[in-house]
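Before any comments, here is the structure.
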Amino acid sequence: MRAAILRDGAMVVEDLPDLSPGPGQVLVEPIACGICGSDLHTVDHAHDFVASSRAAGFPVFDFDPDQDLVMGHELSVRVIGLGEGVTEVAEGDERTAMPFLETPQGRAVPGYSNTYPGGYSSQMLLSPAGLLPIPNGLDPALAALSEPMAVGLHAVNESSIEPGRAALVVGAGPVGLAVIAALSASGMEPIIAADFSPTRRTVALAMGAHDVVDPAIDSIYDRWRSTTDRGTPPVIFEAVGVPGMIDKIMQDAPDRSEILVAGVCLPPDNFRPSLGIYKHLNIKFVLGWSPEEFGQSLHNLAEGRIDGTQLVTGEVGLDGVPQAFADLADPEQHVKILVRPEL
């Protein structure tokens, strides 16, 4: 098999030994795997990622950052081999995949495991319970967006957003766009998004935002004040994930706002609790998704409530992964790149 490997802070592409499914496991070949913002952060901040995971007692992201890691967890796959006892799927089936694998040592998450490679590879091992049929003729490559769309849906579900209450989305990268898509699919309005990138502001409108703001020349909060009923404070979704952003939002947010922190900031950060105390802010941190939210996001894509084609701005084979990681550093070049190992 072939894989793009994170090694010593850089992406390299090499051949690895082929995989074989154990009892209850499925051997698959990725059809498409989206490059996630968390994976981009992991290249530079793997040690921070693991340290915070261990401090939180959260085993999902507990890997050795000094050893090889094959990332990739936004998946659609084709079944190419069955372990003993597997009857839920058949060879040749195409599925979207929740990225987990049951092993004799417990559940592993391919893509965040030194032992089990993720989707930037030509082979993976997964559990059949996480493989969902792709409905309604949805392009299997677009079905790989189910996972990132579920992240956005989970953030929305964890908030207290309701019809008539404004949603302000700070950051229109992949996480922010997923939040916008989930808000739009749920019929929420108004949705106002802020991002420095003209390209991402355009995509935000395509994904369902009603208005967009360039923070270099305007304030998302001033736009909210000028266009909505100010009697109800907004719900603010932080989708940037860089040091200083939480404090900045707390400083600028209207009194009694709710702040959902969905951007993953891996380095240590500081904010002033007094800002939240004075303004009676409600701050909540969110991560991941439930199986139900994953399934709902798949159906949102398949039924046209979310147009996945608006997000995908490029496709690469495995040999193109290192350059794709570099290209995604420029928001004007790409929004979401799919890794297509068969290319």
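Letters A, B, ... go to the chains of the structure tokens in the order shown; residues in each chain start at 1; ligands are counted from 1 in the same order.
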Exercise. A:Glu162: which residues within 10 Å, counting only C-alpha atoms, same-chain residues fewer than 2 positions away excluded, as an MDAnalysis selection string?
Worked result: chainID A and resid 156 159:160 164:167 183 186:189 235
Proximity check stretch 176-273 of chain A to stretch 20-39 of chain A, 10 Å, nearest pairs one decimal Å, only C-alpha atoms, as CSV:
residue,atom,partner,partner_atom,distance
A:Val240,CA,A:Gly37,CA,9.9
A:Gly241,CA,A:Ser38,CA,9.6
A:Gly263,CA,A:Ser38,CA,9.1
A:Val264,CA,A:Ser38,CA,7.0
A:Cys265,CA,A:Ser38,CA,9.1
A:Leu266,CA,A:Ser38,CA,8.9
Per-residue nearest contacts stretch 104-150 of chain A to stretch 271-291 of chain A, cut-off 10 Å, using only C-alpha atoms, as CSV:
residue,atom,partner,partner_atom,distance
A:Gly130,CA,A:Pro291,CA,8.6
A:Glu147,CA,A:Trp289,CA,8.1
A:Pro148,CA,A:Gly288,CA,8.8
A:Met149,CA,A:Trp289,CA,9.3
A:Ala150,CA,A:Trp289,CA,5.7
Exercise. Near A:Val169, within 6 Å and counting only C-alpha atoms, which residues show up once chain neighbours fewer than 4 positions away are dropped, as a list in words?
Worked result: Ala193, Ile236 and Phe237 of chain A
Deliver the residues from the most recent selection as a file, using N, CA and C atoms, as a PDB file, in the first residue's frame.
ATOM      1  N   ALA A 193     -21.538  35.953   8.505  1.00  0.00           N
ATOM      2  CA  ALA A 193     -20.210  35.350   8.606  1.00  0.00           C
ATOM      3  C   ALA A 193     -19.132  36.395   8.388  1.00  0.00           C
ATOM      4  N   ILE A 236     -22.740  33.273  18.834  1.00  0.00           N
ATOM      5  CA  ILE A 236     -21.496  33.494  18.087  1.00  0.00           C
ATOM      6  C   ILE A 236     -20.736  32.183  18.004  1.00  0.00           C
ATOM      7  N   PHE A 237     -20.412  31.762  16.798  1.00  0.00           N
ATOM      8  CA  PHE A 237     -19.654  30.532  16.585  1.00  0.00           C
ATOM      9  C   PHE A 237     -18.211  30.908  16.243  1.00  0.00           C
TER      10      PHE A 237
END
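In this model, the gap between atom CA of A:Arg78 and atom CA of A:Ile337 comes to 19.4 Å.
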For this session: Find the residues around A:Ala182 up to 10 Å (only C-alpha atoms counted), leave out those fewer than 5 positions away in its own chain, and share them as a ChimeraX atom specification.
Result: /A:149-157,176-177,187-188,207-208,297,300,305-306
Requested write-out: N, CA and C atoms of the selected residues, as a CSV table (one decimal), in the first residue's frame:
chain,number,residue,atom,x,y,z
A,149,MET,N,-19.2,18.0,7.8
A,149,MET,CA,-20.6,18.6,8.0
A,149,MET,C,-21.2,18.2,9.3
A,150,ALA,N,-20.9,17.0,9.8
A,150,ALA,CA,-21.4,16.6,11.1
A,150,ALA,C,-20.8,17.4,12.2
A,151,VAL,N,-19.5,17.8,12.0
A,151,VAL,CA,-18.9,18.7,13.0
A,151,VAL,C,-19.6,20.0,13.1
A,152,GLY,N,-20.0,20.6,12.0
A,152,GLY,CA,-20.8,21.8,12.0
A,152,GLY,C,-22.2,21.6,12.6
A,153,LEU,N,-22.8,20.5,12.3
A,153,LEU,CA,-24.2,20.2,12.8
A,153,LEU,C,-24.1,20.1,14.4
A,154,HIS,N,-23.1,19.4,14.8
A,154,HIS,CA,-22.9,19.2,16.3
A,154,HIS,C,-22.8,20.6,17.0
A,155,ALA,N,-22.0,21.5,16.4
A,155,ALA,CA,-21.8,22.8,17.1
A,155,ALA,C,-23.2,23.5,17.1
A,156,VAL,N,-24.0,23.4,16.1
A,156,VAL,CA,-25.3,24.1,16.0
A,156,VAL,C,-26.2,23.4,17.1
A,157,ASN,N,-26.2,22.1,17.1
A,157,ASN,CA,-27.1,21.4,18.1
A,157,ASN,C,-26.7,21.7,19.5
A,176,GLY,N,-16.1,26.7,10.0
A,176,GLY,CA,-17.1,27.8,9.9
A,176,GLY,C,-18.1,27.5,8.8
A,177,LEU,N,-17.6,27.1,7.6
A,177,LEU,CA,-18.6,26.8,6.5
A,177,LEU,C,-19.5,25.6,6.9
A,187,GLY,N,-32.8,26.0,8.7
A,187,GLY,CA,-33.7,27.1,8.5
A,187,GLY,C,-33.4,28.3,9.4
A,188,MET,N,-32.2,28.4,10.0
A,188,MET,CA,-31.9,29.5,10.9
A,188,MET,C,-31.6,30.8,10.1
A,207,MET,N,-23.0,28.7,0.8
A,207,MET,CA,-23.4,27.7,1.8
A,207,MET,C,-24.6,28.1,2.6
A,208,GLY,N,-25.0,29.3,2.5
A,208,GLY,CA,-26.3,29.7,3.2
A,208,GLY,C,-26.2,30.9,4.0
A,297,SER,N,-26.1,14.5,8.5
A,297,SER,CA,-25.3,15.2,7.6
A,297,SER,C,-25.1,14.5,6.2
A,300,ASN,N,-28.3,15.2,4.5
A,300,ASN,CA,-28.4,16.6,4.1
A,300,ASN,C,-27.6,16.8,2.8
A,305,ARG,N,-29.9,19.5,0.7
A,305,ARG,CA,-29.9,20.6,1.7
A,305,ARG,C,-28.6,21.3,1.9
A,306,ILE,N,-27.5,20.5,1.6
A,306,ILE,CA,-26.2,21.1,1.6
A,306,ILE,C,-25.5,20.7,0.3
For this session: Using DSSP on the backbone, list every residue of stretch 112-263 of chain A that comes out as helix (DSSP H, G or I), and give them as a ChimeraX atom specification.
Result: /A:128-130,140-143,146-158,174-185,198-206,220-227,245-252
For this session: Considering only C-alpha atoms, return as a PyMOL selection string whatever protein or nucleic-acid residues lie within 9 Å of A:Met71, sequence-local ones (same chain, fewer than 2 positions apart) excluded.
Result: chain A and resi 4-6+35+39+69+73+110-113+117-121
Could you dump the residues just selected with C-alpha atoms as a short mmCIF file (atom, residue, chain, number, x, y, z; two decimals), in the first residue's frame?
data_model
loop_
_atom_site.label_atom_id
_atom_site.label_comp_id
_atom_site.auth_asym_id
_atom_site.auth_seq_id
_atom_site.Cartn_x
_atom_site.Cartn_y
_atom_site.Cartn_z
CA ALA A 4 1.17 10.11 2.81
CA ILE A 5 2.91 10.12 6.19
CA LEU A 6 3.46 12.86 8.76
CA ILE A 35 -7.96 17.26 4.29
CA ASP A 39 -4.65 17.73 10.33
CA LEU A 69 1.37 9.05 11.47
CA HIS A 73 -10.59 10.83 8.78
CA PRO A 110 -7.46 5.50 12.14
CA GLY A 111 -5.85 8.80 11.24
CA TYR A 112 -4.89 9.48 14.86
CA SER A 113 -3.12 6.19 15.48
CA PRO A 117 -3.40 4.39 9.02
CA GLY A 118 -6.02 6.94 8.06
CA GLY A 119 -7.40 7.98 4.72
CA TYR A 120 -4.28 9.50 3.16
CA SER A 121 -3.49 5.97 2.03
#
Problem set entry | Interatomic distance, atom CA of A:Val203 to atom CA of A:Gln310 (Å, one decimal) |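 Atom CA of A:Gln310 lies 6.6 Å from atom CA of A:Val203.
In this comparison, which uses only C-alpha atoms, the residue of A:Tyr221, A:Leu75, A:Asp68, A:Asp62 approaching A:Gln251 most closely is A:Tyr221.
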Exercise. What lies within 9 Å of A:Gly173 using only C-alpha atoms, ignoring chain neighbours under 2 positions off, as a PyMOL selection string?
Worked result: chain A and resi 37+171+175-178+195+200+204+239-240+331+335-336
For this session: Just list the residues in stretch 21-245 of chain A DSSP gives strand (DSSP E or B) on the backbone, as a ChimeraX atom specification.
Result: /A:26-34,69,74-82,94-97,101-103,106-108,121,124-126,131-133,167-170,191-194,211-213,235-238
